[in-house]
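This is my_file_29.cif. It holds mmCIF, C-alpha atoms.
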```
data_data
loop_
_atom_site.label_atom_id
_atom_site.label_comp_id
_atom_site.auth_asym_id
_atom_site.auth_seq_id
_atom_site.Cartn_x
_atom_site.Cartn_y
_atom_site.Cartn_z
CA MET Q 1 177.40 41.14 67.40
CA ALA Q 2 177.11 43.32 64.30
CA ALA Q 3 180.11 45.50 63.49
CA VAL Q 4 179.69 49.21 64.17
CA LEU Q 5 179.47 51.31 61.02
CA LEU Q 6 182.50 53.48 60.41
CA SER Q 7 180.28 56.54 59.85
CA ASN Q 8 178.84 56.18 63.35
CA GLN Q 9 182.30 55.89 64.90
CA ILE Q 10 183.61 58.93 63.03
CA ASN Q 11 180.59 61.09 63.86
CA GLN Q 12 180.66 60.12 67.52
CA PHE Q 13 184.39 60.82 67.65
CA ASN Q 14 183.92 64.28 66.12
CA GLN Q 15 181.10 65.19 68.49
CA HIS Q 16 183.20 64.44 71.56
CA LEU Q 17 186.49 66.08 70.56
CA SER Q 18 187.94 68.31 73.25
CA ILE Q 19 191.33 69.48 74.48
CA SER Q 20 191.92 69.50 78.22
CA ALA Q 21 195.49 70.83 78.07
CA ARG Q 22 195.97 74.42 79.21
CA LEU Q 23 196.99 76.46 76.15
CA PRO Q 24 198.36 80.01 76.02
CA LYS Q 25 195.60 82.60 76.55
CA ASP Q 26 195.97 84.12 73.07
CA ILE Q 27 195.28 80.78 71.33
CA GLU Q 28 191.67 79.80 70.58
CA ILE Q 29 190.65 76.23 69.82
CA LEU Q 30 188.85 75.81 66.51
CA ASN Q 31 186.19 73.12 67.01
CA PRO Q 32 183.96 73.05 63.91
CA PHE Q 33 181.59 70.50 65.42
CA LYS Q 34 180.26 72.91 68.02
CA ASP Q 35 178.40 74.67 65.22
CA PRO Q 36 175.10 72.84 64.54
CA ILE Q 37 175.16 73.49 60.77
CA THR Q 38 178.75 72.30 60.41
CA SER Q 39 178.00 69.26 62.58
CA TYR Q 40 174.95 68.40 60.45
CA LEU Q 41 176.83 68.71 57.14
CA SER Q 42 179.74 66.65 58.43
CA GLN Q 43 177.44 63.87 59.63
CA ARG Q 44 175.71 63.79 56.24
CA PHE Q 45 179.08 63.46 54.51
CA TYR Q 46 180.22 60.53 56.65
CA LYS Q 47 176.85 58.79 56.38
CA LYS Q 48 177.14 59.06 52.61
CA TYR Q 49 180.70 57.79 52.17
CA TYR Q 50 181.55 55.77 55.28
CA ASN Q 51 178.35 53.88 56.07
CA ASP Q 52 180.13 50.51 56.05
CA THR Q 53 182.84 48.55 57.87
CA LYS Q 54 185.59 48.59 55.23
CA THR Q 55 189.23 49.28 56.07
CA ARG Q 56 190.55 52.70 55.02
CA THR Q 57 194.06 54.09 54.65
CA MET Q 58 194.62 57.27 56.62
CA ILE Q 59 195.86 60.55 55.15
CA LEU Q 60 196.89 62.95 57.90
CA GLY Q 61 197.01 66.71 57.51
CA ILE Q 62 198.13 69.26 60.10
CA ASN Q 63 194.98 70.60 61.79
CA PRO Q 64 191.69 72.12 60.58
CA GLY Q 65 191.62 75.65 59.17
CA ARG Q 66 188.84 78.22 59.27
CA PHE Q 67 187.77 78.09 55.61
CA GLY Q 68 187.82 74.38 54.80
CA SER Q 69 186.88 71.85 57.46
CA GLY Q 70 186.40 74.74 59.87
CA LEU Q 71 183.23 75.50 57.90
CA THR Q 72 182.13 72.09 56.63
CA GLY Q 73 183.47 69.69 59.26
CA VAL Q 74 185.02 67.65 56.43
CA PRO Q 75 188.83 67.74 56.03
CA PHE Q 76 190.08 69.58 52.92
CA THR Q 77 186.52 70.25 51.81
CA ASP Q 78 185.25 73.80 51.35
CA PRO Q 79 181.52 74.61 50.93
CA ILE Q 80 181.84 74.74 47.13
CA ASN Q 81 183.41 71.29 46.80
CA LEU Q 82 181.10 69.80 49.41
CA GLU Q 83 178.23 70.67 47.08
CA LYS Q 84 179.90 70.26 43.67
CA TYR Q 85 181.74 66.96 44.21
CA CYS Q 86 180.06 65.40 47.25
CA GLY Q 87 176.51 66.38 46.31
CA ILE Q 88 175.77 67.86 49.74
CA GLU Q 89 173.93 71.14 49.33
CA ASN Q 90 174.64 73.86 51.85
CA LYS Q 91 174.00 77.54 52.45
CA LEU Q 92 177.51 78.31 53.65
CA PRO Q 93 179.48 81.15 51.96
CA LYS Q 94 180.59 79.79 48.58
CA LYS Q 95 184.28 80.60 48.67
CA HIS Q 96 187.12 78.33 47.56
CA GLU Q 97 189.88 77.24 49.94
CA ILE Q 98 193.06 76.51 47.99
CA SER Q 99 193.96 73.20 49.64
CA SER Q 100 190.44 71.96 48.89
CA GLU Q 101 190.84 72.97 45.25
CA PHE Q 102 193.90 70.73 44.92
CA ILE Q 103 192.45 67.82 46.87
CA TYR Q 104 189.31 67.63 44.75
CA SER Q 105 191.31 67.85 41.53
CA MET Q 106 193.25 64.89 42.86
CA ILE Q 107 190.11 63.00 43.94
CA ASP Q 108 188.60 63.58 40.50
CA SER Q 109 191.76 62.19 38.89
CA PHE Q 110 191.72 59.22 41.27
CA GLY Q 111 188.26 58.24 40.06
CA GLY Q 112 185.83 60.41 41.97
CA CYS Q 113 184.53 60.70 45.53
CA ASP Q 114 182.92 57.27 45.73
CA ARG Q 115 186.09 55.44 44.79
CA PHE Q 116 188.40 57.69 46.78
CA TYR Q 117 186.47 57.70 50.05
CA GLN Q 118 185.91 53.93 49.84
CA ASN Q 119 189.68 53.62 50.18
CA PHE Q 120 190.88 56.62 52.18
CA TYR Q 121 190.06 58.56 55.32
CA PHE Q 122 191.29 62.11 55.82
CA SER Q 123 192.13 63.31 59.30
CA SER Q 124 194.77 65.51 60.91
CA ILE Q 125 197.58 65.11 63.43
CA SER Q 126 195.42 67.40 65.57
CA PRO Q 127 191.74 66.93 64.64
CA LEU Q 128 190.95 70.29 66.23
CA GLY Q 129 192.39 73.53 64.91
CA PHE Q 130 193.81 76.70 66.41
CA VAL Q 131 193.41 80.41 65.83
CA LYS Q 132 195.66 83.25 67.02
CA GLU Q 133 194.81 86.89 66.40
CA GLY Q 134 192.13 85.84 63.91
CA LYS Q 135 194.50 83.71 61.81
CA ASN Q 136 194.95 79.95 61.40
CA LEU Q 137 197.67 78.47 63.58
CA ASN Q 138 199.42 75.13 63.09
CA TYR Q 139 200.07 72.95 66.12
CA TYR Q 140 203.84 73.27 65.57
CA ASP Q 141 203.97 77.06 64.97
CA ILE Q 142 204.53 78.05 68.60
CA LYS Q 143 207.31 76.59 70.71
CA GLY Q 144 205.98 74.13 73.27
CA LEU Q 145 202.46 73.91 71.82
CA SER Q 146 202.91 70.47 70.25
CA GLU Q 147 204.21 69.13 73.58
CA LYS Q 148 201.08 70.40 75.35
CA LEU Q 149 198.94 68.72 72.69
CA THR Q 150 200.76 65.37 72.59
CA ASP Q 151 198.34 63.52 74.89
CA PHE Q 152 195.38 64.77 72.84
CA ILE Q 153 197.09 63.83 69.58
CA LEU Q 154 198.01 60.33 70.81
CA SER Q 155 194.55 59.69 72.21
CA SER Q 156 192.83 60.89 69.02
CA LEU Q 157 195.07 58.87 66.73
CA SER Q 158 194.73 55.72 68.84
CA GLN Q 159 190.95 56.03 68.83
CA GLN Q 160 190.78 56.42 65.06
CA LEU Q 161 193.10 53.45 64.52
CA SER Q 162 190.83 51.32 66.71
CA TRP Q 163 188.22 51.47 63.93
CA GLY Q 164 190.27 49.04 61.85
CA MET Q 165 192.36 51.47 59.81
CA ASN Q 166 195.19 50.21 57.60
CA ARG Q 167 198.36 50.14 59.69
CA GLU Q 168 200.69 49.22 56.83
CA VAL Q 169 201.03 52.81 55.65
CA VAL Q 170 199.88 56.32 56.49
CA PHE Q 171 200.21 59.28 54.14
CA CYS Q 172 201.34 62.55 55.69
CA LEU Q 173 200.42 65.88 54.09
CA GLY Q 174 203.50 68.05 54.45
CA GLU Q 175 207.10 67.02 53.96
CA GLY Q 176 208.52 69.32 56.64
CA LYS Q 177 207.45 69.83 60.25
CA ASN Q 178 204.25 67.78 60.03
CA PHE Q 179 206.14 64.79 58.63
CA ALA Q 180 208.96 65.15 61.17
CA PHE Q 181 206.47 65.20 64.05
CA LEU Q 182 204.50 62.19 62.79
CA GLU Q 183 207.66 60.24 61.99
CA GLU Q 184 208.97 60.79 65.52
CA LEU Q 185 205.61 59.85 67.02
CA ASN Q 186 205.43 56.72 64.90
CA THR Q 187 208.98 55.65 65.73
CA LYS Q 188 208.07 55.76 69.41
CA HIS Q 189 204.56 54.27 69.30
CA LYS Q 190 204.67 52.00 66.19
CA PHE Q 191 201.26 53.06 64.86
CA PHE Q 192 202.16 52.32 61.21
CA ASN Q 193 204.78 50.33 59.34
CA ARG Q 194 205.49 53.24 57.00
CA VAL Q 195 204.92 56.99 56.93
CA VAL Q 196 204.88 58.36 53.37
CA PRO Q 197 205.11 62.16 52.99
CA LEU Q 198 203.26 64.10 50.31
CA SER Q 199 203.67 67.77 49.43
CA HIS Q 200 201.07 69.80 51.29
CA PRO Q 201 198.22 71.04 49.06
CA ARG Q 202 198.61 74.62 50.30
CA PHE Q 203 202.32 74.60 49.43
CA ILE Q 204 201.53 73.26 45.96
CA MET Q 205 198.81 75.84 45.29
CA GLN Q 206 200.83 78.76 46.64
CA TYR Q 207 204.24 78.00 45.19
CA LYS Q 208 203.88 75.31 42.51
CA ARG Q 209 200.53 76.13 40.90
CA LYS Q 210 201.89 75.74 37.37
CA ARG Q 211 202.80 72.14 38.22
CA VAL Q 212 199.47 71.13 39.78
CA LYS Q 213 198.86 68.37 37.23
CA GLU Q 214 202.28 66.91 37.99
CA TYR Q 215 201.55 66.88 41.74
CA VAL Q 216 198.09 65.39 41.18
CA ASP Q 217 199.66 62.55 39.20
CA GLU Q 218 202.27 62.04 41.92
CA TYR Q 219 199.56 61.80 44.61
CA VAL Q 220 197.51 59.31 42.61
CA LYS Q 221 200.56 57.15 41.91
CA LYS Q 222 201.66 57.06 45.56
CA LEU Q 223 198.16 56.56 46.95
CA ALA Q 224 197.68 53.56 44.66
CA VAL Q 225 200.28 51.71 46.79
CA ARG Q 226 198.51 51.12 50.11
CA GLY Q 227 200.28 48.03 51.40
#
```

What is this structure when it is put down as structure tokens?
Amino acid sequence: MAAVLLSNQINQFNQHLSISARLPKDIEILNPFKDPITSYLSQRFYKKYYNDTKTRTMILGINPGRFGSGLTGVPFTDPINLEKYCGIENKLPKKHEISSEFIYSMIDSFGGCDRFYQNFYFSSISPLGFVKEGKNLNYYDIKGLSEKLTDFILSSLSQQLSWGMNREVVFCLGEGKNFAFLEELNTKHKFFNRVVPLSHPRFIMQYKRKRVKEYVDEYVKKLAVRG
């Protein structure tokens, strides 16, 4: 039996994402893939870079936001970078998202999209996002929310790992609460041998912008060690 292409598995996974847990009434679920344009662009991206059966190393963020993957369906990729670096034209509002700015500087330094995406797969602890009062919400921002989402998070992560992902190491974007949550999860469920934290792109761009080159170099150096 022929192996299933990774692009098909990712796209099918994205199309069927849903959260059954009852969340507080003032929290909306951000599911980019319900939008037909976003869904189309995302599928094009994965067909372009993941149309094979190669093993990737996972890089896990927090959860999607409104102006990056919330628009494009591609983690850490705003409409500008989707077109400029990935070559996928789109008619979405051309506005930069700061995490995406950093990530594509790093990808460029790593050797470009082809090389990077042949080796790595971006996802998030929660592959669906959250909005409260019109603003992005992280899964750990409200007490008790991460507990309500744990079954969804475990199921999503297990499904993605079943595609043959590298279990030696996972890179975690965020050295604080996101890392602490993933480290605890991994200690209990033994998904990966190592969890390596990286400074979150938003933190870098907001508070360490003058040192972006230094952080890019640090990312590239750490990502080069995938075993």

Evaluate the PyMOL selection byres ((chain Q and resi 114) around 12) on the structure here and hand back the selected residues as number ranges by chain.
Q: 45-46, 48-51, 85-87, 107-108, 110-113, 115-120

Selection dump of the PyMOL selection byres ((chain Q and resi 213) around 12), as a VMD selection string:
chain Q and resid 102 to 103 105 to 106 108 to 109 204 to 205 208 to 212 214 to 220

Result set of the PyMOL selection byres ((chain Q and resi 192) around 9) on the coordinates above, as number ranges by chain
Q: 166-170, 186-187, 189-191, 193-195

Please, could you write that set of residues out with C-alpha atoms as a compact mmCIF listing (two decimals), in the frame of the given file?
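Contents of selection-v8.txt, as written:
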```txt
# COMPACT_ATOMS: atom_id res chain seq x y z
CA ASN Q 166 195.19 50.21 57.60
CA ARG Q 167 198.36 50.14 59.69
CA GLU Q 168 200.69 49.22 56.83
CA VAL Q 169 201.03 52.81 55.65
CA VAL Q 170 199.88 56.32 56.49
CA ASN Q 186 205.43 56.72 64.90
CA THR Q 187 208.98 55.65 65.73
CA HIS Q 189 204.56 54.27 69.30
CA LYS Q 190 204.67 52.00 66.19
CA PHE Q 191 201.26 53.06 64.86
CA ASN Q 193 204.78 50.33 59.34
CA ARG Q 194 205.49 53.24 57.00
CA VAL Q 195 204.92 56.99 56.93
```

Show me, as a PyMOL selection string, the residues that have an atom within 12 Å of Q:Ile62 when counting all atoms listed in the file, minus same-chain residues fewer than 4 positions from it.
chain Q and resi 69+75-76+99+122-130+136-141+146+153+171-182+200-202

Residue nearest Q:Val131 among Q:Leu71, Q:Leu223, Q:Ile37, Q:Ile27 (counting all atoms listed in the file)
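Closest to Q:Val131, using all atoms listed in the file: Q:Ile27.
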
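For Q:Ser162, the list of residues within 10 Å, based on only C-alpha atoms and with local chain neighbours fewer than 4 positions off taken out, reads Gln9, Leu157 and Ser158 of chain Q.
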
Between atom CA of Q:Leu60 and atom CA of Q:Ile10, what is the distance in Å, rounded to a tenth?
14.8 Å

I'd like the neighbourhood of Q:Gln43 as an mmCIF file with C-alpha atoms, keeping the file's coordinate frame, where a residue qualifies if any of its atoms comes within 10 Å (using only C-alpha atoms), though same-chain residues fewer than 5 positions away should be ignored.
```cif
data_model
loop_
_atom_site.group_PDB
_atom_site.id
_atom_site.type_symbol
_atom_site.label_atom_id
_atom_site.label_comp_id
_atom_site.auth_asym_id
_atom_site.auth_seq_id
_atom_site.Cartn_x
_atom_site.Cartn_y
_atom_site.Cartn_z
ATOM 1 C CA SER Q 7 180.280 56.540 59.850
ATOM 2 C CA ASN Q 8 178.840 56.180 63.350
ATOM 3 C CA ILE Q 10 183.610 58.930 63.030
ATOM 4 C CA ASN Q 11 180.590 61.090 63.860
ATOM 5 C CA GLN Q 12 180.660 60.120 67.520
ATOM 6 C CA ASN Q 14 183.920 64.280 66.120
ATOM 7 C CA GLN Q 15 181.100 65.190 68.490
ATOM 8 C CA PHE Q 33 181.590 70.500 65.420
ATOM 9 C CA ILE Q 37 175.160 73.490 60.770
ATOM 10 C CA THR Q 38 178.750 72.300 60.410
ATOM 11 C CA LYS Q 48 177.140 59.060 52.610
ATOM 12 C CA THR Q 72 182.130 72.090 56.630
ATOM 13 C CA GLY Q 73 183.470 69.690 59.260
ATOM 14 C CA VAL Q 74 185.020 67.650 56.430
#
```

Interatomic distance, atom CA of Q:Leu17 to atom CA of Q:Tyr40 (Å, one decimal):
15.5 Å

Ranking Q:Tyr121, Q:Tyr207, Q:Trp163, Q:Phe152 by minimum distance to Q:Gly61 and counting all atoms listed in the file, which one comes first?
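Result for the nearest residue to Q:Gly61: Q:Tyr121.
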
Please indicate the distance in Å from atom CA of Q:Asn81 to atom CA of Q:His96, rounded to one decimal place.
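Atom CA of Q:His96 lies at a distance of 8.0 Å from atom CA of Q:Asn81.
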
Using all atoms listed in the file, which residue out of Q:Met165, Q:Leu149, Q:Pro197, Q:Glu133 lies closest to Q:Lys25?
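Among the listed residues, Q:Glu133 lies closest to Q:Lys25.
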